[in-house]
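Below: coords_29.txt (compact mmCIF, C-alpha atoms)
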```txt
# COMPACT_ATOMS: atom_id res chain seq x y z
CA MET A 6 21.03 82.40 106.29
CA LEU A 7 21.77 86.09 105.83
CA GLU A 8 23.36 86.17 109.25
CA THR A 9 25.59 83.18 108.35
CA PHE A 10 26.57 84.79 105.04
CA SER A 11 27.46 88.02 106.86
CA LEU A 12 29.60 86.14 109.38
CA LYS A 13 31.44 84.34 106.56
CA GLN A 14 32.18 87.67 104.86
CA GLN A 15 33.54 89.10 108.09
CA TYR A 16 35.59 85.94 108.64
CA ASN A 17 37.14 86.12 105.13
CA SER A 18 37.84 89.82 105.57
CA LEU A 19 39.57 89.23 108.90
CA ARG A 20 41.64 86.41 107.38
CA GLN A 21 42.83 88.73 104.59
CA GLU A 22 43.68 91.48 107.04
CA LEU A 23 45.55 89.04 109.27
CA SER A 24 47.48 87.61 106.31
CA TYR A 25 48.48 91.10 105.18
CA ALA A 26 49.53 92.06 108.71
CA LEU A 27 51.67 88.93 109.04
CA TYR A 28 53.25 89.60 105.63
CA ALA A 29 53.97 93.23 106.54
CA GLN A 30 55.48 92.19 109.87
CA ASP A 31 57.73 89.64 108.18
CA ALA A 32 58.88 92.22 105.60
CA ALA A 33 59.55 94.77 108.35
CA GLN A 34 61.59 92.26 110.32
CA ARG A 35 63.69 91.49 107.25
CA VAL A 36 64.35 95.21 106.65
CA VAL A 37 65.23 95.77 110.31
CA ALA A 38 67.58 92.77 110.26
CA ARG A 39 69.33 94.09 107.14
CA LEU A 40 69.67 97.60 108.61
CA ILE A 41 71.06 96.22 111.87
CA LYS A 42 73.59 94.18 109.90
CA GLU A 43 74.68 97.27 107.93
CA ARG A 44 74.81 99.36 111.11
CA ASP A 45 76.98 96.78 112.86
CA ALA A 46 79.30 96.61 109.84
CA ALA A 47 79.68 100.39 109.84
CA ARG A 48 80.34 100.48 113.58
CA GLU A 49 82.89 97.72 113.19
CA ALA A 50 84.69 99.78 110.54
CA LEU A 51 84.75 102.85 112.77
CA SER A 52 85.88 100.70 115.71
CA SER A 53 88.74 99.30 113.66
CA VAL A 54 89.98 102.83 113.01
CA ALA A 55 89.68 103.68 116.69
CA ALA A 56 91.46 100.44 117.59
CA THR A 57 94.48 101.43 115.52
CA MET A 58 94.60 104.62 117.59
CA ASN A 59 94.73 102.65 120.86
CA VAL A 60 91.30 103.90 121.98
CA GLY A 61 87.84 102.44 122.18
CA ALA A 62 85.14 103.58 119.76
CA SER A 63 82.56 105.75 121.47
CA GLY A 64 78.88 105.57 120.87
CA ALA A 65 76.87 108.12 119.01
CA GLY A 66 76.20 111.34 120.83
CA GLY A 67 77.18 114.95 121.08
CA ASP A 68 78.55 116.09 117.73
CA VAL A 69 78.20 112.72 115.98
CA GLU A 70 75.23 110.69 114.90
CA MET A 71 75.58 107.12 113.73
CA GLY A 72 73.28 106.30 110.86
CA GLU A 73 72.11 103.43 108.74
CA ALA A 74 73.16 103.38 105.13
CA ALA A 75 70.93 103.16 102.12
CA PRO A 76 70.98 99.82 100.29
CA GLU A 77 74.32 99.07 98.68
CA ALA A 78 74.57 99.67 94.94
CA GLY A 79 76.54 96.46 94.40
CA GLY A 80 79.42 95.25 96.57
CA LEU A 81 83.13 95.56 95.89
CA PRO A 82 84.85 92.76 93.96
CA ALA A 83 86.68 90.27 96.17
CA GLU A 84 90.10 91.23 94.80
CA THR A 85 89.44 94.92 95.49
CA LEU A 86 88.34 94.15 99.07
CA LYS A 87 91.51 92.10 99.56
CA GLN A 88 93.69 94.99 98.38
CA ILE A 89 91.92 97.45 100.69
CA ASP A 90 92.17 95.13 103.71
CA GLU A 91 95.85 94.36 103.10
CA THR A 92 96.65 98.06 102.66
CA HIS A 93 94.74 98.93 105.83
CA ALA A 94 96.57 96.26 107.86
CA THR A 95 99.97 97.42 106.64
CA LEU A 96 99.43 101.16 107.01
CA SER A 97 97.57 101.09 110.33
CA ALA A 98 100.28 98.92 111.90
CA ALA A 99 103.07 101.19 110.64
CA ARG A 100 101.26 104.33 111.79
CA LYS A 101 101.53 103.37 115.47
CA LYS A 102 105.32 103.59 115.32
CA ARG A 103 105.72 106.26 112.68
CA LYS A 104 107.49 109.54 113.28
CA ALA A 105 108.20 112.46 110.97
CA PRO A 106 111.15 111.62 108.66
CA GLU A 107 114.58 112.87 109.68
CA GLY A 108 115.09 116.40 108.44
CA TYR A 109 111.37 117.12 108.15
CA ALA A 110 110.31 120.73 108.70
CA THR A 111 109.47 121.66 112.29
CA VAL A 112 106.99 124.17 113.64
CA ASP A 113 109.88 126.57 114.28
CA ASP A 114 111.09 126.14 110.69
CA VAL A 115 107.67 127.08 109.32
CA LYS A 116 107.63 130.30 111.33
CA GLY A 117 110.55 131.53 109.22
CA TYR A 118 109.03 130.73 105.81
CA THR A 119 108.90 133.51 103.23
CA ALA A 120 108.06 133.91 99.52
CA LYS A 121 110.58 132.00 97.36
CA HIS A 122 109.25 131.74 93.83
CA THR A 123 106.25 132.79 91.73
CA ILE A 124 105.25 131.20 88.43
CA PRO A 125 102.94 133.68 86.65
CA SER A 126 100.60 133.67 83.67
CA LEU A 127 99.60 130.03 83.69
CA HIS A 128 96.62 128.91 81.62
CA SER A 129 94.50 131.15 79.43
CA PRO A 130 93.65 134.71 80.47
CA SER A 131 90.04 134.14 79.38
CA PRO A 132 88.50 132.54 81.30
CA SER A 133 91.32 132.99 83.78
CA GLY A 134 92.01 131.20 87.01
CA ILE A 135 93.48 127.96 88.40
CA ASN A 136 91.27 125.74 90.55
CA SER A 137 93.55 122.87 91.53
CA LEU A 138 97.20 121.96 92.05
CA ALA A 139 99.23 118.76 92.46
CA VAL A 140 103.00 118.38 92.92
CA SER A 141 104.89 115.28 91.81
CA THR A 142 106.68 113.30 94.50
CA ALA A 143 108.80 111.40 91.96
CA ASN A 144 109.87 114.61 90.18
CA PRO A 145 109.40 117.42 92.74
CA SER A 146 110.01 120.17 90.19
CA GLN A 147 106.98 119.09 88.15
CA PHE A 148 103.42 120.05 89.01
CA LEU A 149 99.90 119.95 87.59
CA THR A 150 97.31 122.70 87.43
CA GLY A 151 93.65 122.52 86.42
CA GLY A 152 92.09 125.71 85.11
CA ASN A 153 88.91 127.48 84.16
CA ASP A 154 90.12 127.22 80.55
CA LYS A 155 89.20 123.49 80.58
CA VAL A 156 92.78 122.17 80.36
CA VAL A 157 95.34 120.48 82.59
CA GLN A 158 98.89 121.82 82.42
CA LEU A 159 102.05 119.93 83.35
CA TYR A 160 104.79 122.41 84.26
CA ASP A 161 108.47 122.10 85.17
CA ARG A 162 109.60 124.60 87.76
CA ASP A 163 113.34 124.11 87.11
CA THR A 164 113.08 125.01 83.43
CA ASP A 165 110.07 127.35 83.84
CA LYS A 166 108.33 125.65 80.92
CA VAL A 167 104.95 124.07 80.25
CA LEU A 168 105.82 120.46 79.45
CA GLN A 169 102.38 119.52 78.18
CA THR A 170 98.85 120.86 77.91
CA LEU A 171 96.25 118.10 78.32
CA LYS A 172 92.89 118.71 76.67
CA GLY A 173 89.64 116.79 76.72
CA HIS A 174 87.36 118.47 79.24
CA THR A 175 84.51 120.72 78.08
CA LYS A 176 84.18 122.75 81.29
CA LYS A 177 86.51 124.01 84.03
CA VAL A 178 88.89 121.50 85.60
CA THR A 179 88.21 121.37 89.33
CA HIS A 180 90.63 118.66 90.52
CA VAL A 181 94.00 117.23 89.48
CA ALA A 182 96.24 114.53 90.93
CA PHE A 183 99.25 112.33 90.18
CA ARG A 184 99.17 108.57 90.66
CA GLU A 185 102.81 107.60 91.15
CA ARG A 186 103.54 103.97 91.90
CA GLU A 187 106.90 102.21 91.75
CA GLY A 188 107.18 99.96 88.72
CA GLU A 189 104.19 101.46 86.91
CA SER A 190 103.63 104.38 84.58
CA THR A 191 102.67 107.66 86.20
CA LEU A 192 99.05 108.68 85.74
CA VAL A 193 97.72 112.23 85.56
CA LEU A 194 94.14 112.39 86.81
CA SER A 195 91.57 115.17 86.54
CA GLY A 196 87.95 115.90 87.41
CA SER A 197 85.76 118.59 85.90
CA ALA A 198 82.51 120.47 86.03
CA ASP A 199 81.67 118.57 82.81
CA LYS A 200 80.82 115.55 85.06
CA ILE A 201 83.71 113.37 83.90
CA ALA A 202 87.14 112.34 85.18
CA LYS A 203 90.04 111.67 82.83
CA ALA A 204 93.34 109.84 83.06
CA TRP A 205 96.52 110.26 81.06
CA THR A 206 99.43 107.80 81.22
CA HIS A 207 103.10 108.61 80.80
CA ASP A 208 104.60 107.15 77.64
CA LYS A 209 108.29 106.45 78.24
CA ALA A 210 109.12 106.33 74.53
CA SER A 211 107.83 109.83 73.72
CA GLY A 212 108.09 111.27 77.21
CA GLU A 213 104.55 112.63 76.90
CA TYR A 214 101.23 111.82 78.50
CA LYS A 215 98.56 110.12 76.41
CA THR A 216 94.88 109.58 77.14
CA ALA A 217 94.40 106.37 79.10
CA GLY A 218 90.76 106.49 80.16
CA THR A 219 87.63 108.57 80.65
CA ILE A 220 85.20 108.01 83.53
CA LYS A 221 81.59 109.01 82.87
CA THR A 222 79.91 107.51 85.91
CA HIS A 223 78.45 110.68 87.38
CA LYS A 224 75.56 112.90 86.35
CA GLY A 225 76.78 115.98 88.20
CA GLU A 226 79.95 118.04 88.55
CA ILE A 227 82.98 116.21 89.97
CA THR A 228 83.46 117.80 93.40
CA GLY A 229 86.15 115.56 94.88
CA LEU A 230 88.98 113.36 93.58
CA ALA A 231 91.52 111.31 95.54
CA VAL A 232 93.87 108.43 94.83
CA HIS A 233 93.23 105.63 97.31
CA PRO A 234 96.21 104.46 99.45
CA THR A 235 96.30 101.20 97.44
CA SER A 236 97.31 103.34 94.42
CA THR A 237 95.04 101.10 92.35
CA LEU A 238 91.76 102.90 93.06
CA LEU A 239 90.38 106.38 92.39
CA ALA A 240 87.66 107.90 94.59
CA LEU A 241 85.28 110.53 93.19
CA SER A 242 82.44 112.59 94.64
CA SER A 243 79.81 114.43 92.69
CA GLY A 244 77.01 116.94 92.82
CA ASP A 245 74.70 114.07 91.80
CA ARG A 246 74.66 112.98 95.50
CA THR A 247 76.89 109.92 95.03
CA TRP A 248 80.54 108.92 95.44
CA SER A 249 82.31 106.18 93.54
CA LEU A 250 85.44 104.01 93.28
CA HIS A 251 87.24 103.14 90.04
CA ASP A 252 89.96 100.66 89.14
CA LEU A 253 93.02 102.53 87.85
CA THR A 254 94.23 99.54 85.85
CA ASN A 255 91.27 99.62 83.47
CA PHE A 256 89.26 102.67 84.66
CA THR A 257 86.13 100.64 85.31
CA GLN A 258 83.72 101.46 88.14
CA VAL A 259 83.96 99.03 91.06
CA TYR A 260 81.46 100.82 93.32
CA ARG A 261 78.98 103.66 93.25
CA SER A 262 77.07 104.70 96.35
CA PRO A 263 73.30 105.01 96.59
CA GLU A 264 72.05 108.58 96.28
CA PHE A 265 72.32 110.62 99.47
CA GLU A 266 69.76 113.30 100.39
CA GLU A 267 72.26 116.09 99.63
CA PRO A 268 74.87 116.67 96.92
CA PHE A 269 78.48 115.99 97.84
CA THR A 270 80.80 119.01 97.73
CA SER A 271 84.22 117.60 98.72
CA LEU A 272 85.99 114.32 99.41
CA ASP A 273 89.01 112.82 101.14
CA VAL A 274 90.10 109.23 101.83
CA HIS A 275 91.40 108.14 105.24
CA PRO A 276 95.15 107.37 105.07
CA ASP A 277 94.49 103.74 106.07
CA GLY A 278 92.08 103.35 103.17
CA THR A 279 88.91 102.05 104.87
CA LEU A 280 86.94 105.29 105.23
CA VAL A 281 85.91 108.06 102.85
CA ALA A 282 84.63 111.43 104.06
CA VAL A 283 82.44 113.68 101.92
CA GLY A 284 81.23 117.21 102.60
CA THR A 285 77.73 118.55 101.95
CA PRO A 286 76.16 121.97 101.34
CA GLY A 287 74.26 121.61 104.62
CA GLY A 288 77.39 121.80 106.79
CA SER A 289 77.67 118.09 107.67
CA ILE A 290 80.41 115.57 106.87
CA GLN A 291 79.35 112.03 106.00
CA VAL A 292 81.88 109.27 106.72
CA PHE A 293 81.39 106.00 104.85
CA ASP A 294 83.01 102.58 105.16
CA ILE A 295 84.63 102.06 101.76
CA ARG A 296 84.40 98.27 102.02
CA SER A 297 80.63 98.06 102.55
CA GLY A 298 79.41 101.51 101.51
CA SER A 299 77.66 101.84 104.88
CA LEU A 300 77.41 105.18 106.65
CA ALA A 301 79.81 105.06 109.61
CA ALA A 302 79.23 108.52 111.07
CA SER A 303 77.65 111.90 110.41
CA LEU A 304 79.70 114.82 111.74
CA THR A 305 77.75 118.05 112.21
CA PRO A 306 78.91 121.18 114.08
CA GLN A 307 76.44 122.29 116.74
CA ASP A 308 74.55 125.56 116.30
CA ALA A 309 76.42 126.45 113.09
CA PRO A 310 74.89 128.82 110.52
CA PRO A 311 74.36 127.43 107.00
CA PHE A 312 77.63 126.77 105.13
CA THR A 313 79.13 124.37 102.59
CA VAL A 314 81.87 121.88 103.48
CA ASN A 315 83.91 122.62 100.36
CA THR A 316 87.19 121.07 101.55
CA LEU A 317 88.36 118.18 103.78
CA SER A 318 91.73 116.87 104.92
CA PHE A 319 92.54 113.81 107.02
CA SER A 320 95.74 114.08 109.02
CA GLU A 321 98.32 111.61 107.76
CA ASN A 322 98.36 109.81 111.12
CA GLY A 323 94.62 109.23 110.72
CA TYR A 324 93.61 110.74 114.07
CA HIS A 325 92.05 114.00 112.88
CA LEU A 326 89.96 115.52 110.11
CA ALA A 327 90.17 119.23 109.24
CA ALA A 328 87.17 120.94 107.62
CA PRO A 329 85.26 124.22 107.77
CA ASP A 330 82.68 124.47 110.54
CA SER A 331 81.42 127.83 109.26
CA LEU A 332 82.16 130.18 106.38
CA ALA A 333 85.04 131.74 108.35
CA SER A 334 86.38 129.05 110.67
CA VAL A 335 88.00 125.60 110.56
CA ALA A 336 87.27 122.68 112.88
CA ILE A 337 89.63 119.86 113.80
CA TRP A 338 87.55 116.73 114.35
CA ASP A 339 89.12 114.16 116.69
CA LEU A 340 88.14 110.81 115.18
CA ARG A 341 88.99 109.02 118.41
CA LYS A 342 86.08 110.61 120.35
CA PRO A 343 84.67 111.52 117.81
CA LYS A 344 84.01 115.25 118.28
CA ILE A 345 85.42 118.67 117.48
CA ALA A 346 88.75 119.08 119.28
CA LYS A 347 89.15 122.72 118.29
CA SER A 348 87.32 125.33 116.23
CA ILE A 349 89.63 128.04 114.90
CA PRO A 350 88.05 131.39 113.91
CA LEU A 351 89.80 133.11 111.00
CA GLY A 352 88.04 136.48 111.01
CA ASP A 353 84.54 137.50 109.95
CA ALA A 354 85.67 138.43 106.42
CA PHE A 355 87.66 135.24 105.80
CA LYS A 356 86.21 132.67 103.40
CA VAL A 357 87.72 129.18 103.54
CA ASN A 358 88.66 127.65 100.17
CA LYS A 359 91.09 124.89 101.16
CA VAL A 360 92.47 123.06 104.19
CA ARG A 361 95.46 120.74 104.04
CA TYR A 362 97.38 118.79 106.69
CA ASP A 363 101.12 118.31 106.23
CA TYR A 364 102.64 114.83 106.32
CA SER A 365 103.84 115.09 109.92
CA ALA A 366 100.39 116.22 111.17
CA ASN A 367 102.18 118.84 113.26
CA PHE A 368 100.66 121.71 111.31
CA PHE A 369 98.12 122.45 108.60
CA ALA A 370 97.40 125.22 106.09
CA VAL A 371 94.21 127.13 105.37
CA GLY A 372 93.74 129.00 102.10
CA GLY A 373 91.02 131.58 101.50
CA ASN A 374 90.08 134.95 100.13
CA GLU A 375 92.60 136.68 102.42
CA GLY A 376 95.57 134.49 101.57
CA LEU A 377 97.19 131.51 103.30
CA ARG A 378 97.72 130.75 106.99
CA VAL A 379 99.67 127.92 108.60
CA ILE A 380 98.51 126.76 112.04
CA ALA A 381 100.23 124.47 114.54
CA HIS A 382 98.37 121.36 115.60
CA LYS A 383 97.69 121.01 119.37
CA THR A 384 98.74 124.56 120.32
CA TRP A 385 96.60 126.05 117.53
CA ASP A 386 99.02 128.96 117.19
CA GLU A 387 99.21 130.75 113.85
CA LEU A 388 102.76 130.11 112.63
CA VAL A 389 102.83 132.31 109.55
CA ARG A 390 100.51 133.98 107.06
CA PHE A 391 100.96 135.04 103.43
CA GLU A 392 98.64 137.66 101.95
CA GLU A 393 100.70 139.14 99.10
CA GLY A 394 99.07 137.03 96.38
CA GLY A 395 95.47 137.57 97.42
CA GLU A 396 92.99 134.71 97.34
CA VAL A 397 94.40 131.18 97.61
CA SER A 398 92.32 128.44 96.00
CA ASP A 399 94.50 125.34 96.55
CA ILE A 400 97.46 124.27 98.72
CA VAL A 401 100.11 121.53 98.57
CA PHE A 402 102.97 120.79 100.98
CA GLY A 403 106.26 120.04 99.26
CA ALA A 404 108.80 117.33 100.08
CA GLN A 405 109.80 117.15 103.77
CA GLY A 406 107.42 120.04 104.44
CA LYS A 407 110.19 122.37 103.28
CA GLU A 408 107.91 124.23 100.88
CA ILE A 409 104.28 125.26 100.72
CA TRP A 410 102.74 125.67 97.27
CA GLY A 411 99.62 127.75 96.68
CA VAL A 412 97.42 128.88 93.81
CA THR A 413 96.59 132.58 93.49
CA GLY A 414 94.63 133.49 90.36
CA ARG A 415 96.77 132.42 87.39
CA GLU A 416 99.88 132.08 89.53
CA VAL A 417 101.52 129.32 91.52
CA ARG A 418 103.42 130.65 94.53
CA ILE A 419 106.00 128.79 96.60
CA TRP A 420 106.93 129.67 100.18
CA GLY A 421 109.79 128.17 102.16
CA PRO A 422 112.89 128.85 104.27
CA ALA A 423 114.50 132.22 103.69
```
What's the structure tokens form of this structure?
Amino acid sequence: MLETFSLKQQYNSLRQELSYALYAQDAAQRVVARLIKERDAAREALSSVAATMNVGASGAGGDVEMGEAAPEAGGLPAETLKQIDETHATLSAARKKRKAPEGYATVDDVKGYTAKHTIPSLHSPSPSGINSLAVSTANPSQFLTGGNDKVVQLYDRDTDKVLQTLKGHTKKVTHVAFREREGESTLVLSGSADKIAKAWTHDKASGEYKTAGTIKTHKGEITGLAVHPTSTLLALSSGDRTWSLHDLTNFTQVYRSPEFEEPFTSLDVHPDGTLVAVGTPGGSIQVFDIRSGSLAASLTPQDAPPFTVNTLSFSENGYHLAAPDSLASVAIWDLRKPKIAKSIPLGDAFKVNKVRYDYSANFFAVGGNEGLRVIAHKTWDELVRFEEGGEVSDIVFGAQGKEIWGVTGREVRIWGPA
């Protein structure tokens, strides 16, 4: 009898172990199936970008690792997805035939640029300094600056006057942008170290900007801010290891990513609107599919010493991504491979603060502690450098590439044809 009892105990124990093993296997298969689905969606997104460039998407390898995303933190609303897809279809089709507008600045033009105008003593002297700059396309004489004094200033270059000082942040303003869309009121957008983003709308009756919305999604400093090509969405990145999308009609959150293993330190949106790239303090760039939130690619320079990717810039034609690949050099990532097409050393003492492609994608600017340099795409020749103002913290190309705007301390400097 004891032997029978012992056999029954062993039998029951084996049944429990088998049941648990079958349950665990089923759960594992479900997880694997979900991850494969997300991986395939991410690869499809990257392939669609490559397809618009008339090339096939390559597999992971070399400088790029494909990765599976963390679980989505809620999908995008159907109407938002529709807007993104329609914008992508329109812009990617037009990009194949697009050339620089007639009269746009050429590489030879840029070589002759010189200092044209300096606007001094902007913002408060204590704490002093401007962190960000945006120039209006609708009114090219007007520009925004975000400062260490916690305010956003709207300035008119033609009259040399501050048109409005926008308050509301409690720490330094790190990012500013215009949202200008035909038929709608202009929005002024800002992000800050106080973890929030704010929006002001232009009131036609008074001619001033009034508070339109405050976004308090993030738990860390706002490290990146970009208006999506739809003009109806705002993308943000944060030190809290997430990025998010917000509806600019009502300033509600439509998506927030799961937490990544590192904080995000910079952000840019692909000109076709389906990808977002974010930098990290570990030297890698994470590229996500905006529509699904899935990780499409991880771009990491080989054998690079530790550095922070504090700035990113997609070329307007969508083929390339400029970003630091060390403290003192800039890499041009070819998204059609994808791999580094060229790494440009800037000198051991140079510290990169900002990279920015121009609209034609024929040249780009790099700002840092030793001033501003403009470099030709493809030949990689340095076209011109400006060092008279010292450290440059932000850069904007003016209309038709005829001017380059830069921030130096409390000044905004403008360079252009002599």
Quick one: everything within 9 Å of Gly372 (chain A), counting all atoms listed in the file, minus sequence neighbours fewer than 3 positions away in the same chain. Send it as a compact mmCIF listing (two decimals) with C-alpha atoms, in the coordinates of the input.
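Below is the file selection-v3.txt, written as the result:
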```txt
# COMPACT_ATOMS: atom_id res chain seq x y z
CA LYS A 356 86.21 132.67 103.40
CA VAL A 357 87.72 129.18 103.54
CA ASN A 358 88.66 127.65 100.17
CA LYS A 359 91.09 124.89 101.16
CA VAL A 360 92.47 123.06 104.19
CA ARG A 361 95.46 120.74 104.04
CA GLU A 375 92.60 136.68 102.42
CA GLY A 376 95.57 134.49 101.57
CA LEU A 377 97.19 131.51 103.30
CA ARG A 378 97.72 130.75 106.99
CA VAL A 379 99.67 127.92 108.60
CA GLU A 396 92.99 134.71 97.34
CA VAL A 397 94.40 131.18 97.61
CA SER A 398 92.32 128.44 96.00
CA ASP A 399 94.50 125.34 96.55
CA ILE A 400 97.46 124.27 98.72
CA GLY A 411 99.62 127.75 96.68
```
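Nearest to Lys209 (chain A) of all the residues A:Ser190, A:His382, A:Leu171, A:Ala328 is A:Ser190, based on all atoms listed in the file.
Using all atoms listed in the file, every residue with an atom at most 8 Å from the point (83.6, 115.6, 96.1) is listed here: Ile227, Thr228, Gly229, Leu230, Leu241, Ser242, Ser243, Gly244, Trp248, Phe269, Thr270, Ser271, Leu272, Asp273, Val283 and Gly284 of chain A.
With all atoms listed in the file as the basis for measurement, A:Ser249 is the residue among A:Thr175, A:Thr316, A:Asn144, A:Ser249 that approaches His233 (chain A) most closely.
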Asp353 (chain A) environment, 9 Å, only C-alpha atoms, sequence neighbours closer than 4 positions dropped, as a ChimeraX atom specification: /A:332-334
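CA of Leu149 (chain A) sits 27.8 Å away from CA of Ile290 (chain A).
Relative to CA of Ala327 (chain A), CA of Val112 (chain A) is found at 18.1 Å.
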Trp410 (chain A) surroundings by all atoms listed in the file, 8 Å radius, close-in-sequence under 6 positions cut, as a ChimeraX atom specification: /A:400-403,417-420
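Atom to atom, CA of Pro310 (chain A) and CA of Pro350 (chain A) stand 13.8 Å apart.
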Can region 273-280 of chain A be brought up to all heavy atoms and written out as a tab-separated table (two decimals), keeping the file's coordinate frame?
```
chain	number	residue	atom	x	y	z
A	273	ASP	N	87.66	113.26	100.80
A	273	ASP	CA	89.01	112.82	101.14
A	273	ASP	C	88.94	111.38	101.63
A	273	ASP	O	87.90	110.95	102.17
A	273	ASP	CB	89.65	113.70	102.21
A	273	ASP	CG	91.18	113.55	102.25
A	273	ASP	OD1	91.74	113.06	101.25
A	273	ASP	OD2	91.80	113.94	103.26
A	274	VAL	N	90.02	110.64	101.43
A	274	VAL	CA	90.10	109.23	101.83
A	274	VAL	C	91.03	109.12	103.03
A	274	VAL	O	92.12	109.71	103.06
A	274	VAL	CB	90.62	108.36	100.67
A	274	VAL	CG1	90.80	106.90	101.13
A	274	VAL	CG2	89.66	108.42	99.48
A	275	HIS	N	90.59	108.36	104.05
A	275	HIS	CA	91.40	108.14	105.24
A	275	HIS	C	92.73	107.49	104.85
A	275	HIS	O	92.77	106.64	103.95
A	275	HIS	CB	90.64	107.23	106.22
A	275	HIS	CG	91.26	107.12	107.56
A	275	HIS	ND1	92.26	106.22	107.85
A	275	HIS	CD2	91.04	107.82	108.71
A	275	HIS	CE1	92.62	106.35	109.10
A	275	HIS	NE2	91.90	107.31	109.67
A	276	PRO	N	93.84	107.89	105.48
A	276	PRO	CA	95.15	107.37	105.07
A	276	PRO	C	95.31	105.86	105.21
A	276	PRO	O	96.21	105.28	104.61
A	276	PRO	CB	96.14	108.11	105.99
A	276	PRO	CG	95.31	108.65	107.11
A	276	PRO	CD	93.96	108.91	106.54
A	277	ASP	N	94.45	105.20	105.98
A	277	ASP	CA	94.49	103.74	106.07
A	277	ASP	C	93.64	103.07	105.00
A	277	ASP	O	93.70	101.85	104.82
A	277	ASP	CB	94.02	103.26	107.45
A	277	ASP	CG	95.03	103.59	108.54
A	277	ASP	OD1	96.17	103.94	108.19
A	277	ASP	OD2	94.68	103.49	109.71
A	278	GLY	N	92.79	103.85	104.33
A	278	GLY	CA	92.08	103.35	103.17
A	278	GLY	C	90.73	102.71	103.40
A	278	GLY	O	90.13	102.21	102.45
A	279	THR	N	90.19	102.72	104.64
A	279	THR	CA	88.91	102.05	104.87
A	279	THR	C	87.73	103.02	104.99
A	279	THR	O	86.59	102.57	105.00
A	279	THR	CB	88.95	101.20	106.14
A	279	THR	OG1	89.36	102.02	107.24
A	279	THR	CG2	89.93	100.04	105.99
A	280	LEU	N	88.00	104.30	105.08
A	280	LEU	CA	86.94	105.29	105.23
A	280	LEU	C	87.07	106.38	104.17
A	280	LEU	O	88.18	106.74	103.77
A	280	LEU	CB	86.97	105.94	106.61
A	280	LEU	CG	86.77	105.05	107.83
A	280	LEU	CD1	87.00	105.84	109.11
A	280	LEU	CD2	85.38	104.42	107.83
```
